[in-house]
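Novice: File entry10.txt follows (compact mmCIF, C-alpha atoms):
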```
# COMPACT_ATOMS: atom_id res chain seq x y z
CA MET A 682 0.00 0.00 0.00
CA PRO A 683 1.18 3.57 -0.49
CA SER A 684 2.79 5.19 2.52
CA ALA A 685 1.28 8.25 4.19
CA ALA A 686 4.13 10.35 2.77
CA GLU A 687 3.48 9.06 -0.75
CA ARG A 688 -0.25 9.72 -0.43
CA THR A 689 0.36 13.26 0.81
CA ARG A 690 2.91 13.95 -1.92
CA THR A 691 0.43 12.64 -4.49
CA LEU A 692 -2.28 15.00 -3.24
CA VAL A 693 0.07 17.99 -3.39
CA GLN A 694 1.02 17.19 -6.98
CA SER A 695 -2.52 16.31 -8.09
CA THR A 696 -5.26 18.63 -9.29
CA CYS A 697 -7.25 18.43 -6.04
CA SER A 698 -8.27 21.72 -4.48
CA ALA A 699 -5.91 23.52 -2.10
CA MET A 700 -6.27 26.58 0.12
CA LEU A 701 -3.84 28.51 2.29
CA LEU A 702 -5.01 29.06 5.85
CA ILE A 703 -3.35 32.22 7.17
CA PRO A 704 -3.80 33.84 10.59
CA GLY A 705 -5.69 37.10 10.19
CA ALA A 706 -6.93 36.33 6.67
CA ALA A 707 -10.22 34.69 7.65
CA GLY A 708 -12.27 37.45 6.04
CA SER A 709 -10.41 37.35 2.73
CA CYS A 710 -11.98 36.16 -0.49
CA PRO A 711 -11.28 32.41 -0.63
CA ASP A 712 -10.31 32.63 -4.31
CA GLN A 713 -7.34 34.81 -3.34
CA LEU A 714 -5.96 32.02 -1.14
CA LEU A 715 -6.10 29.28 -3.78
CA PRO A 716 -2.69 28.68 -5.39
CA ASP A 717 -2.73 28.74 -9.19
CA VAL A 718 0.18 26.30 -9.34
CA ARG A 719 1.92 24.12 -6.77
CA THR A 720 5.11 22.09 -7.13
CA VAL A 721 7.50 20.31 -4.78
CA GLY A 722 11.19 21.22 -4.67
CA PRO A 723 14.13 18.83 -4.23
CA ASP A 724 14.25 19.35 -0.47
CA GLY A 725 10.51 18.87 0.07
CA GLU A 726 9.61 22.54 0.04
CA VAL A 727 6.32 23.40 -1.67
CA PHE A 728 6.31 26.25 -4.19
CA LEU A 729 3.03 28.07 -4.72
CA VAL A 730 2.05 30.61 -7.38
CA LEU A 731 -0.58 33.14 -6.25
CA PRO A 732 -1.89 36.50 -7.48
CA ALA A 733 0.46 39.33 -6.55
CA ASP A 734 -2.35 41.06 -4.63
CA SER A 735 -3.23 37.93 -2.64
CA PRO A 736 -3.42 38.27 1.17
CA ALA A 737 -0.85 35.47 1.30
CA VAL A 738 1.66 37.50 -0.71
CA ARG A 739 1.04 40.63 1.35
CA ALA A 740 1.36 38.73 4.62
CA ALA A 741 4.55 36.94 3.53
CA THR A 742 6.06 40.22 2.33
CA HIS A 743 5.49 41.97 5.65
CA ALA A 744 6.17 39.03 7.98
CA GLN A 745 8.73 39.65 10.69
CA ASP A 746 11.91 37.57 10.51
CA ASP A 747 10.64 36.13 7.21
CA GLU A 748 8.48 33.66 9.13
CA LEU A 749 4.76 33.47 8.40
CA ALA A 750 3.14 30.35 9.85
CA VAL A 751 0.48 28.94 7.50
CA VAL A 752 -1.33 25.71 6.69
CA LEU A 753 -1.92 24.42 3.17
CA GLU A 754 -5.16 22.40 3.24
CA LEU A 755 -5.85 19.99 0.39
CA THR A 756 -9.22 18.37 -0.28
CA ASP A 757 -9.45 15.34 -2.54
CA VAL A 758 -12.84 14.67 -4.18
CA ALA A 759 -13.65 11.55 -6.20
CA PRO A 760 -13.92 12.35 -9.93
CA VAL A 761 -16.98 10.10 -10.25
CA SER A 762 -20.42 10.58 -8.76
CA VAL A 763 -20.81 8.63 -5.51
CA PRO A 764 -22.17 9.42 -2.06
CA ASN A 765 -19.53 10.85 0.27
CA ARG A 766 -17.29 12.01 -2.55
CA ILE A 767 -14.54 13.46 -0.37
CA ARG A 768 -11.77 10.86 -0.45
CA GLY A 769 -9.40 12.62 1.89
CA ARG A 770 -7.72 15.73 3.19
CA ALA A 771 -4.13 16.65 3.91
CA TRP A 772 -2.64 19.52 5.91
CA LEU A 773 0.87 20.89 5.40
CA SER A 774 1.99 23.28 8.13
CA GLY A 775 5.06 25.44 7.80
CA TRP A 776 6.51 28.87 7.05
CA LEU A 777 5.70 30.91 3.98
CA THR A 778 8.16 33.28 2.31
CA CYS A 779 8.28 35.15 -0.99
CA VAL A 780 10.83 33.98 -3.56
CA PRO A 781 12.57 37.19 -4.66
CA GLY A 782 13.06 37.97 -8.31
CA VAL A 783 10.87 35.15 -9.62
CA ALA A 784 7.63 37.03 -10.04
CA GLU A 785 5.70 36.94 -13.32
CA PRO A 786 3.17 39.56 -14.42
CA GLY A 787 0.45 39.63 -11.77
CA ARG A 788 1.77 36.56 -10.01
CA MET A 789 4.21 35.82 -7.20
CA LEU A 790 6.08 32.65 -6.27
CA LEU A 791 5.95 31.67 -2.61
CA ARG A 792 7.91 28.98 -0.77
CA LEU A 793 6.35 26.84 1.96
CA GLU A 794 8.99 25.27 4.20
CA LEU A 795 7.34 22.21 5.65
CA GLY A 796 7.26 21.81 9.43
CA GLU A 797 4.76 18.98 9.73
CA ALA A 798 2.05 17.29 7.70
CA SER A 799 -0.86 14.93 8.16
CA VAL A 800 -3.29 13.07 5.94
CA ASP A 801 -6.75 11.65 6.61
CA ASP A 802 -7.99 9.61 3.65
CA LEU A 803 -9.44 6.27 2.58
CA TRP A 804 -6.45 4.55 4.18
CA GLY A 805 -6.80 6.25 7.55
CA ALA A 806 -5.30 9.18 9.47
CA GLU A 807 -1.52 9.48 9.79
CA THR A 808 1.17 12.07 10.39
CA VAL A 809 3.97 12.66 7.90
CA GLU A 810 7.50 13.76 8.77
CA PRO A 811 9.05 16.42 6.51
CA ASP A 812 11.99 14.16 5.61
CA ALA A 813 9.62 11.37 4.58
CA PHE A 814 7.59 13.82 2.47
CA ALA A 815 10.77 15.03 0.74
CA ARG A 816 11.86 11.47 -0.09
CA ALA A 817 8.43 10.30 -1.28
CA CYS A 818 7.40 10.20 -4.92
CA PRO A 819 3.89 10.93 -6.17
CA ASP A 820 1.91 8.04 -7.58
CA PRO A 821 2.82 7.62 -11.28
CA LEU A 822 -0.88 7.47 -12.24
CA VAL A 823 -1.83 10.74 -10.53
CA GLU A 824 -2.02 12.74 -13.77
CA HIS A 825 -4.35 10.19 -15.36
CA GLU A 826 -6.38 8.93 -12.41
CA ALA A 827 -9.49 11.09 -12.91
CA GLU A 828 -9.74 10.24 -16.62
CA LEU A 829 -9.10 6.55 -15.99
CA LEU A 830 -11.75 6.29 -13.26
CA GLN A 831 -14.31 8.07 -15.41
CA HIS A 832 -13.50 5.76 -18.31
CA LEU A 833 -13.82 2.65 -16.15
CA HIS A 834 -17.13 3.87 -14.76
CA SER A 835 -18.71 4.86 -18.08
CA GLY A 836 -17.17 2.29 -20.41
CA HIS A 837 -16.54 -0.79 -18.26
CA GLY A 838 -19.26 -0.66 -15.63
CA ASP A 839 -20.26 -4.31 -15.98
CA GLN A 840 -16.66 -5.46 -15.68
CA VAL A 841 -16.12 -3.33 -12.57
CA ARG A 842 -19.31 -4.74 -11.08
CA SER A 843 -18.10 -8.27 -11.86
CA LEU A 844 -15.26 -7.76 -9.38
CA CYS A 845 -17.80 -8.65 -6.68
CA ALA A 846 -16.90 -12.23 -7.56
CA LEU A 847 -13.50 -11.66 -5.93
CA LEU A 848 -14.94 -10.58 -2.59
CA GLY A 849 -15.26 -14.12 -1.27
CA ASP A 850 -17.54 -15.02 1.58
CA ARG A 851 -17.46 -11.56 3.13
CA GLU A 852 -19.96 -9.85 0.84
CA SER A 853 -20.35 -11.55 -2.51
CA ASP A 854 -23.15 -13.86 -3.43
CA ALA A 855 -24.35 -12.72 -6.87
CA TRP A 856 -24.31 -9.76 -9.22
CA ALA A 857 -27.98 -9.26 -8.50
CA ALA A 858 -27.12 -8.32 -4.92
CA TYR A 859 -25.42 -5.11 -6.05
CA ALA A 860 -27.19 -2.00 -7.22
CA SER A 861 -23.94 -0.34 -8.28
CA ALA A 862 -20.18 -0.67 -8.29
CA VAL A 863 -18.26 2.57 -8.81
CA PRO A 864 -14.44 2.82 -9.08
CA VAL A 865 -13.50 5.56 -6.61
CA ALA A 866 -9.70 5.46 -6.40
CA LEU A 867 -6.79 4.15 -8.43
CA ASP A 868 -3.08 4.04 -7.73
CA ARG A 869 -0.09 1.96 -8.76
CA TYR A 870 -0.92 -0.68 -6.16
CA GLY A 871 -4.57 -1.32 -6.96
CA LEU A 872 -8.17 -0.23 -7.51
CA ARG A 873 -10.79 0.72 -4.92
CA VAL A 874 -14.46 0.14 -5.76
CA ARG A 875 -17.51 1.33 -3.84
CA PHE A 876 -20.22 -1.33 -3.95
CA THR A 877 -23.82 -0.68 -3.00
CA ARG A 878 -25.95 -3.69 -2.05
CA ARG A 879 -29.61 -3.66 -2.95
CA HIS A 880 -31.89 -3.36 0.01
CA GLY A 881 -34.21 -6.23 0.71
CA PRO A 882 -36.97 -7.18 3.13
CA GLY A 883 -36.16 -5.89 6.57
CA THR A 884 -33.34 -3.69 5.25
CA PRO A 885 -34.19 0.02 5.45
CA ALA A 886 -31.81 1.23 2.73
CA ASP A 887 -29.06 0.29 0.32
CA ARG A 888 -25.73 -0.31 2.06
CA SER A 889 -22.41 0.81 0.62
CA PHE A 890 -18.90 -0.43 1.35
CA ASP A 891 -15.48 -0.10 -0.27
CA ALA A 892 -13.40 -3.01 -1.50
CA ARG A 893 -9.76 -2.85 -2.50
CA PHE A 894 -8.36 -4.97 -5.35
CA GLU A 895 -4.59 -5.20 -5.35
CA PHE A 896 -2.62 -5.61 -8.56
CA PRO A 897 -0.22 -8.60 -8.83
CA GLU A 898 2.62 -6.06 -8.77
CA PRO A 899 2.79 -2.24 -8.69
CA VAL A 900 2.33 -0.58 -12.07
CA GLU A 901 4.45 2.31 -13.27
CA ASP A 902 2.50 3.53 -16.30
CA VAL A 903 -0.80 3.26 -18.16
CA VAL A 904 0.43 0.37 -20.32
CA ALA A 905 1.19 -1.74 -17.25
CA LEU A 906 -2.12 -0.65 -15.74
CA ARG A 907 -4.05 -2.04 -18.71
CA ARG A 908 -2.39 -5.42 -18.19
CA ALA A 909 -3.14 -5.35 -14.46
CA MET A 910 -6.80 -4.44 -15.05
CA HIS A 911 -7.12 -7.23 -17.61
CA GLN A 912 -5.78 -9.68 -15.03
CA LEU A 913 -8.29 -8.45 -12.46
CA PHE A 914 -11.24 -8.79 -14.81
CA GLU A 915 -10.01 -12.20 -15.97
CA ALA A 916 -9.79 -13.39 -12.36
CA ALA A 917 -13.38 -12.21 -11.83
CA GLY A 918 -14.52 -14.35 -14.75
CA CYS A 919 -14.93 -11.62 -17.40
```
Here is the file; what I need is its structure written in the form of structure tokens.
Specialist:
Amino acid sequence: MPSAAERTRTLVQSTCSAMLLIPGAAGSCPDQLLPDVRTVGPDGEVFLVLPADSPAVRAATHAQDDELAVVLELTDVAPVSVPNRIRGRAWLSGWLTCVPGVAEPGRMLLRLELGEASVDDLWGAETVEPDAFARACPDPLVEHEAELLQHLHSGHGDQVRSLCALLGDRESDAWAAYASAVPVALDRYGLRVRFTRRHGPGTPADRSFDARFEFPEPVEDVVALRRAMHQLFEAAGC
């Protein structure tokens, strides 16, 4: 499974939403605290591009001793329609400074030196040390995950639903027991599917649960992913 550091690094380098939380900026327009671009430097620092008139830029410019304590909050939402679409959140706490001489028209580059981080996602809640974050690599599928999940959901729904055959005695009895099966997360180690069982007599409502399907070995690109998915569907009898 991916480590907490890898999951956090993946969120930072994904397209999920991010907002800077800055003391004294609670009344600011939220749009002015959303970085346009974010990247990770070689030492684990996070570089953020924001409008030059952003409260974050003004606060970092006037901070005493070049130390402005902030939190970068990331919110990860599933790219497919399911109940409870928020897949996780991560928080990166540290010190924000302006990077001199690297401004572009109307934009400013800021540097977030990481002090501590934490993630609370489909895997659970964990803390992340700055050194571990700096060493971690983002998941190689992060740039394609949203498109791949949407494609699996819209073009291979029956095959995804057939994976219920791999659940064993815990949940699976027949396809007919499941109202839906939606792929909600994908990484180099496997696929997570949210199954919803049909309600029956004495059951007040449909019941959802997540199941994780591990690949035989981690995949490093889309080509290897296709092979891994074919193996999964073949094992399910498709």
Novice: Just want the 9 Å neighbourhood of Pro864 (chain A), counted on all atoms listed in the file, with same-chain residues fewer than 6 positions away dropped. Output as a PyMOL selection string.
Specialist: chain A and resi 761+830-831+833-834+838+841+872-876
Novice: Restricting the calculation to all atoms listed in the file, which member of A:Phe728, A:Trp804, A:Trp772, A:Phe914 is positioned closest to Val752 (chain A)?
Specialist: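 Residue with the minimum atom-to-atom distance to Val752 (chain A): A:Trp772.
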Novice: By how many Å are CA of Arg816 (chain A) and CA of Val780 (chain A) apart?
Specialist: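 Value for the CA of Arg816 (chain A)-CA of Val780 (chain A) distance: 22.8 Å.
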Novice: Hey, can you check how far CA of Glu797 (chain A) sits from CA of Pro683 (chain A)?
Specialist: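 Computing the Euclidean distance for CA of Glu797 (chain A) and CA of Pro683 (chain A) yields 18.8 Å.
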Novice: Counting all atoms listed in the file, which residue out of A:Ala846, A:Leu867, A:Ala815, A:Met789 sits closest to Val903 (chain A)?
Specialist: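 So, comparing all the options, the nearest one is A:Leu867.
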Novice: Grab the CA of Ala862 (chain A) to CA of Ala759 (chain A) distance for me, in Å with one decimal place.
Specialist: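 Separation of CA of Ala862 (chain A) and CA of Ala759 (chain A): 14.0 Å.
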Novice: Can you work out which one of A:Ser889, A:Arg869, A:Val900, A:Leu847 has the shortest atom-to-atom distance to Gly918 (chain A), counting all atoms listed in the file?
Specialist: A:Leu847
Novice: With all atoms listed in the file as the basis for distance, which of A:Val738, A:Asp820, A:Ser762, A:Glu754 is at the shortest distance from Leu790 (chain A)?
Specialist: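 Under the stated criterion, the closest residue is A:Val738.
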Novice: When distances are computed from only C-alpha atoms, which of A:Thr756, A:Gln694, A:Gln912, A:Thr877 shows the smallest separation from Leu729 (chain A)?
Specialist: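 Comparing A:Thr756, A:Gln694, A:Gln912, A:Thr877 against Leu729 (chain A), the winner is A:Gln694.
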Novice: Ranking A:Cys779, A:Leu702, A:Leu906, A:Ala916 by minimum distance to Leu793 (chain A) and counting only C-alpha atoms, which one comes first?
Specialist: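 Comparing A:Cys779, A:Leu702, A:Leu906, A:Ala916 against Leu793 (chain A), the winner is A:Cys779.
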Novice: Residues at most 6 Å from Phe896 (chain A), counting all atoms listed in the file, excluding those fewer than 6 positions away in the same chain, as a list in words?
Specialist: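 Contacts, in chain order: Tyr870, Gly871 and Ala909 of chain A.
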Novice: Just want the 10 Å neighbourhood of Gln713 (chain A), counted on only C-alpha atoms, with same-chain residues fewer than 5 positions away dropped. Output as a PDB file with C-alpha atoms, in the frame of the given file.
Specialist:
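As a result, result_9.pdb now contains:
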```pdb
ATOM      1  CA  MET A 700      -6.270  26.580   0.120  1.00  0.00           C
ATOM      2  CA  LEU A 701      -3.840  28.510   2.290  1.00  0.00           C
ATOM      3  CA  LEU A 731      -0.580  33.140  -6.250  1.00  0.00           C
ATOM      4  CA  PRO A 732      -1.890  36.500  -7.480  1.00  0.00           C
ATOM      5  CA  ALA A 733       0.460  39.330  -6.550  1.00  0.00           C
ATOM      6  CA  ASP A 734      -2.350  41.060  -4.630  1.00  0.00           C
ATOM      7  CA  SER A 735      -3.230  37.930  -2.640  1.00  0.00           C
ATOM      8  CA  PRO A 736      -3.420  38.270   1.170  1.00  0.00           C
ATOM      9  CA  ALA A 737      -0.850  35.470   1.300  1.00  0.00           C
ATOM     10  CA  VAL A 738       1.660  37.500  -0.710  1.00  0.00           C
TER      11      VAL A 738
END
```
Novice: Write out as a list of chain:residue names which residues come within 12 Å of Ala686 (chain A) when counting only C-alpha atoms, dropping same-chain ones fewer than 6 positions away.
Specialist: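 In the requested format, the answer is A:Leu692, A:Val693, A:Gly725, A:Ala771, A:Trp772, A:Leu773, A:Glu797, A:Ala798, A:Ser799, A:Val800, A:Asp801, A:Ala806, A:Glu807, A:Thr808, A:Val809, A:Glu810, A:Pro811, A:Asp812, A:Ala813, A:Phe814, A:Ala815, A:Arg816, A:Ala817, A:Cys818, A:Pro819, A:Asp820.
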